[in-house]
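Novice: Structure file model.cif (mmCIF, C-alpha atoms) right here:
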data_target
loop_
_atom_site.label_atom_id
_atom_site.label_comp_id
_atom_site.auth_asym_id
_atom_site.auth_seq_id
_atom_site.Cartn_x
_atom_site.Cartn_y
_atom_site.Cartn_z
CA MET E 1 11.84 23.77 -0.26
CA ALA E 2 13.23 21.65 2.56
CA GLU E 3 16.96 22.16 1.96
CA PRO E 4 17.61 25.19 4.27
CA ALA E 5 15.73 23.53 7.13
CA ILE E 6 17.62 20.26 6.56
CA ALA E 7 20.96 22.07 6.82
CA ALA E 8 19.86 24.02 9.90
CA LEU E 9 18.60 20.91 11.68
CA ALA E 10 21.72 18.93 10.80
CA ALA E 11 23.81 21.60 12.55
CA ARG E 12 21.74 21.49 15.77
CA ASN E 13 23.15 19.70 18.80
CA ASP E 14 19.80 19.58 20.59
CA LYS E 15 17.93 17.62 17.94
CA PRO E 16 16.82 14.02 18.62
CA GLU E 17 19.76 11.75 17.81
CA THR E 18 17.70 8.78 16.66
CA PHE E 19 14.33 8.20 15.01
CA ALA E 20 11.87 5.47 14.04
CA VAL E 21 8.97 5.70 11.58
CA VAL E 22 5.95 3.55 12.48
CA THR E 23 3.75 3.12 9.40
CA TYR E 24 0.19 1.83 9.18
CA GLY E 25 -1.93 1.11 6.13
CA CYS E 26 -1.26 0.78 2.44
CA GLN E 27 1.83 0.66 0.23
CA MET E 28 1.40 4.38 -0.43
CA ASN E 29 1.88 5.00 3.27
CA ALA E 30 4.88 2.68 3.24
CA ARG E 31 6.39 4.77 0.46
CA ASP E 32 5.71 7.96 2.43
CA GLY E 33 7.42 6.34 5.40
CA GLU E 34 10.51 5.81 3.25
CA ALA E 35 10.48 9.48 2.27
CA ILE E 36 10.18 10.57 5.91
CA ALA E 37 13.09 8.33 6.90
CA GLN E 38 15.20 9.77 4.09
CA LEU E 39 14.43 13.33 5.19
CA LEU E 40 15.36 12.64 8.80
CA ALA E 41 18.58 10.87 7.81
CA ALA E 42 19.51 13.91 5.69
CA CYS E 43 19.04 16.01 8.85
CA GLY E 44 21.65 13.94 10.69
CA LEU E 45 19.31 11.67 12.66
CA VAL E 46 20.09 7.95 12.81
CA GLN E 47 17.40 5.35 12.27
CA ALA E 48 16.93 3.10 15.32
CA ASP E 49 14.61 0.52 16.79
CA ARG E 50 11.32 1.91 17.95
CA ALA E 51 12.15 1.25 21.63
CA ASP E 52 15.38 3.27 21.40
CA ALA E 53 14.28 6.15 19.15
CA ARG E 54 14.27 9.70 20.52
CA LEU E 55 11.85 10.78 17.77
CA LEU E 56 8.87 8.56 16.98
CA VAL E 57 6.96 9.38 13.80
CA PHE E 58 3.56 7.69 13.50
CA ASN E 59 2.56 7.56 9.83
CA THR E 60 -1.14 6.80 10.15
CA CYS E 61 -4.06 5.37 8.16
CA CYS E 62 -7.76 6.12 8.61
CA VAL E 63 -9.21 4.00 5.81
CA ARG E 64 -10.04 1.15 8.22
CA ASP E 65 -11.19 1.41 11.83
CA ASN E 66 -8.76 -1.27 13.05
CA ALA E 67 -5.70 0.57 11.75
CA GLU E 68 -6.95 3.83 13.27
CA ARG E 69 -7.55 2.34 16.71
CA ARG E 70 -4.20 0.54 16.71
CA ALA E 71 -2.37 3.74 15.78
CA LEU E 72 -4.19 5.78 18.45
CA GLY E 73 -3.30 3.25 21.12
CA ASN E 74 0.38 3.33 20.20
CA ILE E 75 0.45 7.13 19.96
CA ARG E 76 -1.02 7.45 23.46
CA ARG E 77 1.50 4.95 24.80
CA ALA E 78 4.37 6.92 23.24
CA VAL E 79 3.08 10.19 24.73
CA HIS E 80 2.97 8.46 28.12
CA ASP E 81 6.56 7.22 27.66
CA LYS E 82 7.74 10.80 27.11
CA ARG E 83 7.23 11.48 30.82
CA SER E 84 10.11 9.18 31.73
CA ARG E 85 12.30 9.99 28.70
CA PRO E 86 13.22 13.70 28.71
CA GLY E 87 13.89 15.05 25.23
CA MET E 88 11.82 12.39 23.47
CA MET E 89 9.54 13.73 20.72
CA VAL E 90 6.45 12.28 19.04
CA ALA E 91 5.12 13.25 15.61
CA VAL E 92 1.91 12.15 13.89
CA CYS E 93 1.36 12.37 10.15
CA GLY E 94 -0.53 10.57 7.38
CA CYS E 95 -4.24 10.18 6.80
CA MET E 96 -5.44 10.41 10.42
CA ALA E 97 -3.57 13.68 10.81
CA GLN E 98 -4.93 15.01 7.52
CA GLU E 99 -8.48 14.07 8.53
CA SER E 100 -8.13 15.89 11.87
CA GLY E 101 -7.74 19.23 10.05
CA GLY E 102 -8.00 22.27 12.29
CA SER E 103 -8.50 20.11 15.39
CA ALA E 104 -5.12 18.36 15.04
CA GLU E 105 -3.80 19.48 18.43
CA ARG E 106 -7.00 18.40 20.21
CA ALA E 107 -7.02 15.07 18.34
CA PHE E 108 -3.47 14.22 19.45
CA PRO E 109 -2.83 15.71 22.90
CA GLY E 110 0.77 15.58 24.04
CA VAL E 111 2.14 15.10 20.51
CA ASP E 112 4.93 17.49 19.48
CA ILE E 113 4.31 17.67 15.71
CA VAL E 114 1.22 16.95 13.59
CA PHE E 115 1.30 17.28 9.80
CA GLY E 116 -0.75 15.88 6.94
CA THR E 117 -0.31 13.95 3.72
CA HIS E 118 0.40 17.03 1.59
CA ASN E 119 3.35 18.58 3.43
CA ILE E 120 5.76 15.75 4.26
CA ARG E 121 8.74 17.68 3.01
CA ARG E 122 8.20 20.39 5.66
CA LEU E 123 9.02 18.00 8.52
CA PRO E 124 12.56 19.44 9.10
CA GLU E 125 11.02 22.90 9.47
CA TYR E 126 8.46 21.62 11.97
CA LEU E 127 11.21 19.96 14.02
CA LEU E 128 13.10 23.25 14.18
CA ARG E 129 9.96 25.11 15.29
CA ALA E 130 9.22 22.52 17.98
CA LEU E 131 12.78 22.66 19.29
CA ASP E 132 12.82 26.47 19.36
CA GLY E 133 9.29 27.09 20.63
CA GLY E 134 8.95 24.26 23.10
CA LYS E 135 5.28 23.84 22.18
CA PRO E 136 3.34 21.64 19.76
CA VAL E 137 3.43 22.37 16.03
CA ALA E 138 0.40 21.45 13.89
CA ASP E 139 0.17 22.21 10.17
CA ILE E 140 -2.41 20.55 7.93
CA TRP E 141 -2.44 21.68 4.30
CA ARG E 142 -5.77 21.44 2.50
CA GLU E 143 -4.25 21.78 -0.97
CA ALA E 144 -2.13 18.92 -2.28
CA MET E 145 1.38 19.52 -3.52
CA ASP E 146 2.22 18.61 -7.09
CA VAL E 147 3.00 14.92 -7.22
CA GLU E 148 6.40 15.49 -8.85
CA ASP E 149 7.36 17.86 -6.01
CA VAL E 150 6.51 15.21 -3.44
CA GLU E 151 8.53 12.61 -5.28
CA GLU E 152 11.72 14.65 -5.18
CA LEU E 153 11.98 13.01 -1.77
CA ALA E 154 12.68 9.72 -3.57
CA SER E 155 16.12 10.69 -4.80
CA GLY E 156 19.06 9.04 -3.10
CA ARG E 157 17.15 6.15 -1.55
CA GLY E 158 19.24 3.42 -0.03
CA PRO E 159 19.99 0.07 -1.64
CA GLY E 160 17.55 -2.83 -1.71
CA HIS E 161 16.26 -5.35 -4.20
CA LYS E 162 12.67 -4.03 -4.22
CA ALA E 163 11.30 -0.50 -4.46
CA PHE E 164 7.98 1.33 -4.54
CA VAL E 165 7.64 4.12 -7.11
CA ILE E 166 4.70 6.51 -7.07
CA ALA E 167 2.84 6.88 -10.36
CA THR E 168 -0.29 8.67 -9.11
CA ARG E 169 -1.48 10.24 -5.89
CA GLY E 170 -5.04 10.91 -4.81
CA CYS E 171 -8.28 9.57 -6.21
CA ASP E 172 -11.25 10.85 -8.25
CA ASN E 173 -13.59 7.89 -7.74
CA PHE E 174 -15.41 9.00 -4.56
CA CYS E 175 -16.55 5.56 -3.46
CA SER E 176 -19.24 6.17 -0.86
CA TYR E 177 -17.33 4.39 1.95
CA CYS E 178 -13.86 5.82 1.30
CA VAL E 179 -12.00 8.81 2.75
CA VAL E 180 -9.07 8.72 0.30
CA PRO E 181 -10.18 11.69 -1.87
CA SER E 182 -10.50 13.87 1.23
CA VAL E 183 -7.21 12.85 2.87
CA ARG E 184 -5.08 12.29 -0.26
CA GLY E 185 -6.65 14.84 -2.60
CA ARG E 186 -7.81 14.57 -6.19
CA GLU E 187 -5.91 12.31 -8.55
CA ARG E 188 -2.60 13.64 -9.90
CA SER E 189 -0.40 11.72 -12.33
CA ARG E 190 3.34 12.11 -12.18
CA PRO E 191 5.11 12.97 -15.47
CA MET E 192 6.42 9.82 -17.13
CA ASP E 193 9.93 11.22 -17.56
CA ASP E 194 10.20 11.78 -13.81
CA ILE E 195 9.06 8.23 -13.08
CA LEU E 196 11.51 6.75 -15.59
CA ARG E 197 14.36 8.83 -14.21
CA GLU E 198 13.68 7.52 -10.71
CA CYS E 199 13.41 3.94 -11.99
CA GLU E 200 16.73 4.26 -13.85
CA GLY E 201 18.42 5.31 -10.63
CA LEU E 202 16.89 2.43 -8.71
CA LEU E 203 17.89 -0.13 -11.32
CA SER E 204 21.44 1.18 -11.45
CA GLY E 205 21.53 0.74 -7.66
CA GLY E 206 20.63 -2.93 -7.90
CA VAL E 207 16.84 -2.92 -7.55
CA LYS E 208 15.30 -5.97 -9.24
CA GLU E 209 11.60 -5.41 -8.69
CA ILE E 210 9.77 -2.10 -9.07
CA THR E 211 6.18 -1.70 -7.90
CA LEU E 212 4.29 1.25 -9.39
CA LEU E 213 1.86 2.68 -6.86
CA GLY E 214 -1.31 4.70 -6.89
CA GLN E 215 -4.68 4.70 -5.20
CA ASN E 216 -5.98 3.96 -8.70
CA VAL E 217 -2.76 3.32 -10.56
CA ASN E 218 -4.27 2.04 -13.80
CA SER E 219 -5.95 5.37 -14.49
CA TYR E 220 -2.47 6.91 -14.80
CA GLY E 221 -2.16 9.67 -17.38
CA ALA E 222 -5.31 11.62 -16.65
CA GLY E 223 -4.52 15.32 -16.73
CA LEU E 224 -1.04 15.01 -18.23
CA GLY E 225 -2.28 15.85 -21.72
CA ASP E 226 0.48 13.97 -23.54
CA GLY E 227 -1.32 10.74 -24.40
CA ALA E 228 0.28 8.90 -21.48
CA THR E 229 -1.48 5.74 -20.33
CA PHE E 230 -0.65 3.24 -17.66
CA ALA E 231 0.03 0.58 -20.27
CA ARG E 232 2.59 2.85 -21.94
CA LEU E 233 4.21 3.52 -18.58
CA LEU E 234 4.52 -0.20 -17.85
CA ARG E 235 6.16 -0.81 -21.23
CA ALA E 236 8.57 2.06 -20.65
CA VAL E 237 9.63 0.89 -17.18
CA ALA E 238 10.14 -2.66 -18.45
CA GLY E 239 12.09 -1.20 -21.37
CA LEU E 240 14.65 0.21 -18.95
CA GLY E 241 15.69 -3.36 -18.20
CA ALA E 242 13.68 -3.84 -15.00
CA PRO E 243 13.68 -7.60 -14.29
CA ARG E 244 10.27 -7.39 -12.63
CA VAL E 245 7.52 -4.78 -12.63
CA ARG E 246 4.44 -4.93 -10.41
CA PHE E 247 1.66 -2.42 -9.77
CA MET E 248 -1.18 -1.71 -7.37
CA THR E 249 -3.90 -0.85 -6.72
CA SER E 250 -6.10 -1.15 -9.81
CA HIS E 251 -9.71 -0.10 -10.27
CA PRO E 252 -11.82 -2.57 -12.27
CA LYS E 253 -13.31 0.17 -14.43
CA ASP E 254 -9.82 1.05 -15.72
CA LEU E 255 -8.66 -2.47 -16.61
CA SER E 256 -8.28 -1.60 -20.29
CA ASP E 257 -7.60 -3.88 -23.26
CA GLU E 258 -4.29 -2.05 -23.67
CA LEU E 259 -3.26 -2.96 -20.13
CA VAL E 260 -4.28 -6.59 -20.69
CA GLU E 261 -2.10 -6.66 -23.82
CA VAL E 262 0.93 -5.36 -21.92
CA MET E 263 0.51 -7.97 -19.19
CA ALA E 264 0.36 -10.67 -21.86
CA GLU E 265 3.22 -9.38 -24.04
CA VAL E 266 5.86 -7.97 -21.67
CA PRO E 267 7.66 -10.71 -19.69
CA ALA E 268 8.91 -8.32 -16.99
CA VAL E 269 5.36 -7.33 -16.04
CA CYS E 270 4.35 -9.88 -13.41
CA GLY E 271 1.24 -11.98 -13.89
CA HIS E 272 -0.58 -10.64 -10.86
CA ILE E 273 -3.22 -7.99 -10.36
CA HIS E 274 -4.89 -6.70 -7.20
CA LEU E 275 -8.39 -5.86 -8.40
CA PRO E 276 -10.69 -4.88 -5.52
CA VAL E 277 -14.31 -5.88 -6.19
CA GLN E 278 -15.66 -5.02 -2.69
CA SER E 279 -18.99 -6.83 -3.19
CA GLY E 280 -20.65 -9.40 -5.42
CA SER E 281 -24.02 -7.65 -5.33
CA ASP E 282 -24.92 -5.18 -8.06
CA ARG E 283 -27.18 -3.31 -5.65
CA ILE E 284 -24.41 -2.86 -3.10
CA LEU E 285 -21.86 -1.96 -5.78
CA SER E 286 -24.21 0.82 -6.91
CA LEU E 287 -24.58 2.09 -3.33
CA MET E 288 -20.79 2.02 -3.05
CA ASN E 289 -20.50 4.10 -6.26
CA ARG E 290 -18.09 1.57 -7.76
CA SER E 291 -18.94 2.36 -11.44
CA TYR E 292 -19.25 -1.28 -12.50
CA GLY E 293 -21.44 -4.28 -11.85
CA ARG E 294 -20.74 -7.93 -11.18
CA GLU E 295 -21.08 -8.94 -14.83
CA ARG E 296 -18.68 -6.24 -16.01
CA TYR E 297 -16.12 -7.21 -13.38
CA LEU E 298 -16.24 -10.88 -14.38
CA GLU E 299 -16.08 -9.97 -18.09
CA ARG E 300 -12.90 -7.96 -17.54
CA LEU E 301 -11.46 -10.80 -15.47
CA ALA E 302 -12.23 -13.33 -18.20
CA LYS E 303 -10.56 -11.08 -20.79
CA LEU E 304 -7.42 -10.92 -18.64
CA ARG E 305 -7.32 -14.66 -18.01
CA GLN E 306 -7.78 -15.40 -21.69
CA ALA E 307 -4.65 -13.34 -22.42
CA VAL E 308 -2.69 -14.35 -19.29
CA PRO E 309 -3.93 -17.84 -18.31
CA ASP E 310 -1.77 -18.15 -15.17
CA VAL E 311 -2.48 -14.66 -13.84
CA GLY E 312 -2.97 -14.39 -10.10
CA VAL E 313 -5.87 -12.22 -8.95
CA THR E 314 -6.33 -10.86 -5.44
CA THR E 315 -9.10 -8.61 -4.23
CA ASP E 316 -10.74 -6.67 -1.38
CA LEU E 317 -14.19 -7.55 -0.01
CA ILE E 318 -16.41 -5.68 2.44
CA VAL E 319 -19.28 -7.19 4.44
CA GLY E 320 -21.92 -5.39 6.49
CA PHE E 321 -22.18 -2.37 4.17
CA PRO E 322 -25.30 -0.29 4.94
CA GLY E 323 -28.32 -1.99 3.42
CA GLU E 324 -26.58 -5.31 2.76
CA THR E 325 -29.14 -8.11 2.93
CA ASP E 326 -28.60 -11.83 3.25
CA ALA E 327 -29.15 -12.10 -0.51
CA ASP E 328 -26.52 -9.43 -1.19
CA PHE E 329 -24.04 -11.29 0.99
CA GLU E 330 -24.80 -14.58 -0.78
CA ASP E 331 -23.92 -12.81 -4.04
CA THR E 332 -20.53 -11.97 -2.58
CA LEU E 333 -20.01 -15.55 -1.44
CA SER E 334 -20.82 -16.90 -4.88
CA LEU E 335 -18.50 -14.37 -6.52
CA VAL E 336 -15.55 -15.72 -4.51
CA ASP E 337 -16.06 -19.10 -6.13
CA GLU E 338 -16.86 -17.77 -9.60
CA ALA E 339 -13.96 -15.30 -9.76
CA GLY E 340 -11.40 -17.76 -8.38
CA PHE E 341 -9.29 -15.31 -6.41
CA ASP E 342 -5.86 -16.38 -5.17
CA ALA E 343 -6.57 -14.45 -1.97
CA ALA E 344 -8.86 -11.76 -0.62
CA TYR E 345 -8.47 -9.08 2.01
CA THR E 346 -11.77 -9.11 3.88
CA PHE E 347 -13.19 -6.33 6.03
CA ILE E 348 -16.24 -5.56 8.10
CA TYR E 349 -17.58 -2.18 7.00
CA SER E 350 -16.65 0.63 9.36
CA PRO E 351 -18.16 4.11 8.85
CA ARG E 352 -15.68 6.85 8.02
CA THR E 353 -16.44 10.44 8.95
CA GLY E 354 -17.37 12.59 5.97
CA THR E 355 -18.27 9.75 3.60
CA LYS E 356 -21.74 9.28 2.10
CA ALA E 357 -22.01 5.74 3.43
CA ALA E 358 -21.61 6.95 7.02
CA ALA E 359 -25.08 8.54 6.76
CA MET E 360 -26.74 5.58 5.02
CA PRO E 361 -29.33 3.60 6.98
CA GLY E 362 -29.44 -0.15 7.38
CA ARG E 363 -25.99 -0.97 8.69
CA ALA E 364 -25.86 -4.65 9.66
CA PRO E 365 -25.70 -5.48 13.37
CA ASP E 366 -22.22 -6.38 14.59
CA GLU E 367 -23.11 -10.03 15.20
CA VAL E 368 -24.46 -10.37 11.66
CA SER E 369 -21.31 -8.80 10.18
CA ARG E 370 -19.09 -11.08 12.25
CA GLU E 371 -21.02 -14.16 11.11
CA ARG E 372 -20.81 -13.06 7.49
CA ILE E 373 -17.09 -12.35 7.52
CA THR E 374 -16.44 -15.71 9.18
CA ARG E 375 -18.26 -17.44 6.35
CA LEU E 376 -16.55 -15.28 3.74
CA ILE E 377 -13.08 -16.01 5.10
CA ALA E 378 -13.84 -19.74 5.13
CA ALA E 379 -15.05 -19.62 1.52
CA GLN E 380 -11.94 -17.77 0.37
CA GLU E 381 -9.63 -20.06 2.31
CA ALA E 382 -11.22 -23.04 0.56
CA ARG E 383 -10.73 -21.35 -2.82
CA THR E 384 -7.11 -20.45 -1.96
CA ALA E 385 -6.44 -24.07 -0.97
CA ARG E 386 -7.66 -25.22 -4.40
CA VAL E 387 -5.52 -22.62 -6.18
CA PHE E 388 -2.42 -23.60 -4.20
CA ALA E 389 -3.03 -27.33 -4.65
CA GLY E 390 -3.19 -26.76 -8.39
CA LEU E 391 0.28 -25.23 -8.34
CA VAL E 392 1.99 -28.27 -6.81
CA GLY E 393 4.45 -29.68 -9.35
CA SER E 394 4.68 -26.44 -11.35
CA ASP E 395 7.89 -24.49 -12.00
CA HIS E 396 8.39 -20.82 -11.24
CA VAL E 397 11.02 -18.19 -10.52
CA ALA E 398 11.04 -16.69 -7.03
CA LEU E 399 12.68 -13.45 -5.98
CA VAL E 400 13.97 -14.25 -2.48
CA ASP E 401 13.01 -11.61 0.07
CA GLU E 402 14.02 -12.76 3.53
CA ALA E 403 14.99 -15.56 5.84
CA ALA E 404 11.93 -17.61 6.75
CA ARG E 405 10.78 -17.18 10.33
CA ARG E 406 10.57 -20.85 11.13
CA GLY E 407 14.01 -22.06 10.13
CA ALA E 408 17.54 -20.75 10.01
CA ARG E 409 18.17 -22.56 6.72
CA GLU E 410 15.00 -21.54 4.92
CA VAL E 411 14.17 -18.44 2.91
CA SER E 412 10.99 -17.06 1.42
CA GLY E 413 10.14 -15.02 -1.63
CA LYS E 414 7.41 -14.46 -4.17
CA VAL E 415 6.79 -16.14 -7.50
CA GLU E 416 5.58 -14.18 -10.52
CA ARG E 417 1.90 -14.28 -9.57
CA GLY E 418 2.61 -12.80 -6.13
CA ILE E 419 2.30 -15.93 -3.97
CA SER E 420 4.89 -16.55 -1.26
CA VAL E 421 7.04 -19.66 -1.41
CA THR E 422 9.34 -21.07 1.28
CA LEU E 423 12.40 -23.05 0.19
CA PRO E 424 15.67 -24.39 1.58
CA GLY E 425 18.57 -21.95 1.55
CA GLY E 426 20.60 -19.39 3.43
CA GLU E 427 20.58 -15.61 3.58
CA GLY E 428 22.98 -15.48 0.62
CA LEU E 429 19.95 -16.06 -1.60
CA ILE E 430 18.20 -12.86 -0.49
CA GLY E 431 17.76 -10.50 -3.43
CA ARG E 432 18.37 -13.24 -6.00
CA PHE E 433 16.07 -14.86 -8.56
CA VAL E 434 15.84 -18.59 -7.92
CA PRO E 435 14.20 -21.26 -10.13
CA VAL E 436 11.83 -23.28 -7.95
CA ARG E 437 9.50 -26.24 -8.21
CA ILE E 438 6.45 -26.24 -5.96
CA VAL E 439 6.37 -29.43 -3.89
CA SER E 440 3.54 -28.77 -1.43
CA ALA E 441 0.93 -26.22 -0.44
CA GLY E 442 0.23 -24.87 3.03
CA HIS E 443 -2.48 -22.64 4.47
CA ASN E 444 -1.22 -19.37 2.98
CA THR E 445 2.09 -20.22 1.36
CA LEU E 446 3.75 -22.67 -0.96
CA ARG E 447 6.81 -24.83 -0.32
CA GLY E 448 9.35 -25.39 -3.04
CA THR E 449 12.76 -26.77 -3.89
CA ILE E 450 15.45 -25.11 -5.95
CA ARG E 451 15.62 -26.50 -9.45
CA GLU E 452 19.07 -27.31 -10.74
CA GLY E 453 20.31 -26.21 -14.14
#
Can you give me the file's structure in the form of structure tokens?

Specialist:
Amino acid sequence: MAEPAIAALAARNDKPETFAVVTYGCQMNARDGEAIAQLLAACGLVQADRADARLLVFNTCCVRDNAERRALGNIRRAVHDKRSRPGMMVAVCGCMAQESGGSAERAFPGVDIVFGTHNIRRLPEYLLRALDGGKPVADIWREAMDVEDVEELASGRGPGHKAFVIATRGCDNFCSYCVVPSVRGRERSRPMDDILRECEGLLSGGVKEITLLGQNVNSYGAGLGDGATFARLLRAVAGLGAPRVRFMTSHPKDLSDELVEVMAEVPAVCGHIHLPVQSGSDRILSLMNRSYGRERYLERLAKLRQAVPDVGVTTDLIVGFPGETDADFEDTLSLVDEAGFDAAYTFIYSPRTGTKAAAMPGRAPDEVSRERITRLIAAQEARTARVFAGLVGSDHVALVDEAARRGAREVSGKVERGISVTLPGGEGLIGRFVPVRIVSAGHNTLRGTIREG
């Protein structure tokens, strides 16, 4: 347990006075970043801007090559900055640290603390050891903690109108390109009572939108043995009085009829789903070990749209996977049009150490992958433009998130289907639900006006 180390660190006068957590990657990492910040605040450290922090914690991602290279560059820069800032400390955690395993110290030279995805709560202890020993501390656990033990870190989170809540951790799907099972562990579902208790606390603190998270959140319930399903969990969270409930990320094979029914029947459950398809080619989907084909994906999508006609669907797409031919890529292009995604996150395949795909032959040349992703992005942008144009004149409710970057008297938020809208207004609207009418569509956002009455 972390409590003795928290108390001991809080009493130390030589600890770093300020900290910043720099997070890369997915919403799960963002949630872990919140837990790390809470731990450090409990130890008496004060959160600060990155440039002023005496302790920099890099919470890393290794799922994509770009995120990994960006993190490494910033870590090296921070280690260099330590030379002119006596007493500054640098820590590295998250998926890159977990992947480094026994070579953590060699992977991150000059870093004071390295720890993995399974032992976040030990950070206060590692800080004490680094302060006392004056040498680097590296501790990578191979076995995952119980998910409910990890989520004890959620208690006492600060106020805000949105919150992430973990439903599952880890993954059992073993997609051939993905490192998540090795860096996050096998799938573990959190007991429903624990999730509901956390949600109750968040709602009582003023949270208006809860997002349930998991690498494969819609397979929730596996291993609990009490008949729990993700659909039941959604109903229960909405039943607490949550104004809005979102979830991500979903696996197409687990988009059940029961989940479709909940999305259609429960008003608080937003009409949006992130449903990564990765490819439009059955042959590539099989090589990826995705457990479904194109026809099955589109059938599930049609079932959802029949029940929730205005549902927004976003996805992930990979080009340049080993063995991808021109015909396979054309299948992906045609799927973009047939599926009608609101948006897609597109990636050029990058091999990840330890995955089956990394040893597969036939990886596309870089210039071919770049040409394909350029065409894919253009196709999705055209589809997005049609979706957005079709929303002009429609009425929605937006939860205002922030002041818009381009104007002091504009704010932005998201409508039910997850699309951003910019509208006139001041910062007093942040955290409020606002009725809006869409008046125009831009490249990647909508513009609206506030409806009266």

Novice: For Ala78 of chain E, list every protein, DNA or RNA residue within 10 Å, evaluated using all atoms listed in the file, and leave out those in the same chain fewer than 3 positions away; present the list as a PDB file with C-alpha atoms, in the frame of the given file.

Specialist:
ATOM      1  CA  ALA E  51      12.150   1.250  21.630  1.00  0.00           C
ATOM      2  CA  LEU E  56       8.870   8.560  16.980  1.00  0.00           C
ATOM      3  CA  PHE E  58       3.560   7.690  13.500  1.00  0.00           C
ATOM      4  CA  LEU E  72      -4.190   5.780  18.450  1.00  0.00           C
ATOM      5  CA  GLY E  73      -3.300   3.250  21.120  1.00  0.00           C
ATOM      6  CA  ASN E  74       0.380   3.330  20.200  1.00  0.00           C
ATOM      7  CA  ILE E  75       0.450   7.130  19.960  1.00  0.00           C
ATOM      8  CA  ASP E  81       6.560   7.220  27.660  1.00  0.00           C
ATOM      9  CA  LYS E  82       7.740  10.800  27.110  1.00  0.00           C
ATOM     10  CA  ARG E  83       7.230  11.480  30.820  1.00  0.00           C
ATOM     11  CA  MET E  88      11.820  12.390  23.470  1.00  0.00           C
ATOM     12  CA  MET E  89       9.540  13.730  20.720  1.00  0.00           C
ATOM     13  CA  VAL E  90       6.450  12.280  19.040  1.00  0.00           C
ATOM     14  CA  ALA E  91       5.120  13.250  15.610  1.00  0.00           C
ATOM     15  CA  GLY E 110       0.770  15.580  24.040  1.00  0.00           C
ATOM     16  CA  VAL E 111       2.140  15.100  20.510  1.00  0.00           C
TER      17      VAL E 111
END

Novice: With the cut-off set at 12 Å and counting all atoms listed in the file, tabulate each residue of segment 86-106 of chain E with an atom at most that distance from an atom of segment 185-190 of chain E, showing the nearest atom pair and its distance in Å to one decimal, ordered by chain and increasing number, as a tab-separated table.

Specialist:
residue	atom	partner	partner_atom	distance
E:Cys95	CA	E:Gly185	CA	10.8
E:Gln98	CA	E:Gly185	CA	10.3
E:Glu99	CA	E:Gly185	CA	11.3

Novice: Take the residues from that selection and put them in a file with C-alpha atoms, as an mmCIF file, in the frame of the given file.

Specialist:
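So again-v2.cif came out as:
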data_model
loop_
_atom_site.group_PDB
_atom_site.id
_atom_site.type_symbol
_atom_site.label_atom_id
_atom_site.label_comp_id
_atom_site.auth_asym_id
_atom_site.auth_seq_id
_atom_site.Cartn_x
_atom_site.Cartn_y
_atom_site.Cartn_z
ATOM 1 C CA CYS E 95 -4.240 10.180 6.800
ATOM 2 C CA GLN E 98 -4.930 15.010 7.520
ATOM 3 C CA GLU E 99 -8.480 14.070 8.530
#

Novice: Identify which of the residues E:Asp132, E:Asp337, E:Glu410, E:Glu330 lies closest to Ile373 of chain E, counting only C-alpha atoms when measuring atom-to-atom distances.

Specialist: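 The answer is E:Glu330, which sits nearest to Ile373 of chain E.
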
Novice: Which residues, written as a list in words, have at least one atom at most 10 Å from segment 310-312 of chain E, with only C-alpha atoms counted and residues fewer than 5 positions away on the same chain left out?

Specialist: Met263, Ala264, Cys270, Gly271, His272, Ile273, His274, Leu301, Leu304, Arg305, Gly340, Phe341, Asp342, Ala343, Val387, Glu416, Arg417, Gly418 and Ile419 of chain E

Novice: Do you have the atom CA of Arg246 of chain E-atom CA of Gly448 of chain E distance handy?

Specialist: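 Taking atom CA of Arg246 of chain E as the start and atom CA of Gly448 of chain E as the end point, the length is 22.3 Å.
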
Novice: Would you mind listing what lies within 7 Å of Gly221 of chain E as a list in words, with all atoms listed in the file counted and same-chain residues fewer than 3 positions away left out?

Specialist: Ser189, Leu224, Ala228, Thr229 and Phe230 of chain E

Novice: List every protein, DNA or RNA residue with an atom no more than 8 Å from (19.1, -14.2, 3.3) in the file's coordinates, counting only C-alpha atoms, and format the result as a list of chain:residue names.

Specialist: E:Val400, E:Asp401, E:Glu402, E:Ala403, E:Val411, E:Gly425, E:Gly426, E:Glu427, E:Gly428, E:Leu429, E:Ile430, E:Gly431

Novice: Is it possible to add N, CA and C atoms to segment 382-387 of chain E and hand it back as a short mmCIF file (atom, residue, chain, number, x, y, z; two decimals), keeping the file's coordinate frame?

Specialist:
data_model
loop_
_atom_site.label_atom_id
_atom_site.label_comp_id
_atom_site.auth_asym_id
_atom_site.auth_seq_id
_atom_site.Cartn_x
_atom_site.Cartn_y
_atom_site.Cartn_z
N ALA E 382 -11.00 -21.82 1.35
CA ALA E 382 -11.22 -23.04 0.56
C ALA E 382 -10.80 -22.82 -0.89
N ARG E 383 -11.13 -21.66 -1.45
CA ARG E 383 -10.73 -21.35 -2.82
C ARG E 383 -9.21 -21.24 -2.92
N THR E 384 -8.57 -20.57 -1.96
CA THR E 384 -7.11 -20.45 -1.96
C THR E 384 -6.45 -21.83 -1.89
N ALA E 385 -7.00 -22.71 -1.08
CA ALA E 385 -6.44 -24.07 -0.97
C ALA E 385 -6.49 -24.78 -2.32
N ARG E 386 -7.57 -24.58 -3.07
CA ARG E 386 -7.66 -25.22 -4.40
C ARG E 386 -6.66 -24.61 -5.37
N VAL E 387 -6.50 -23.29 -5.31
CA VAL E 387 -5.52 -22.62 -6.18
C VAL E 387 -4.11 -23.14 -5.88
#
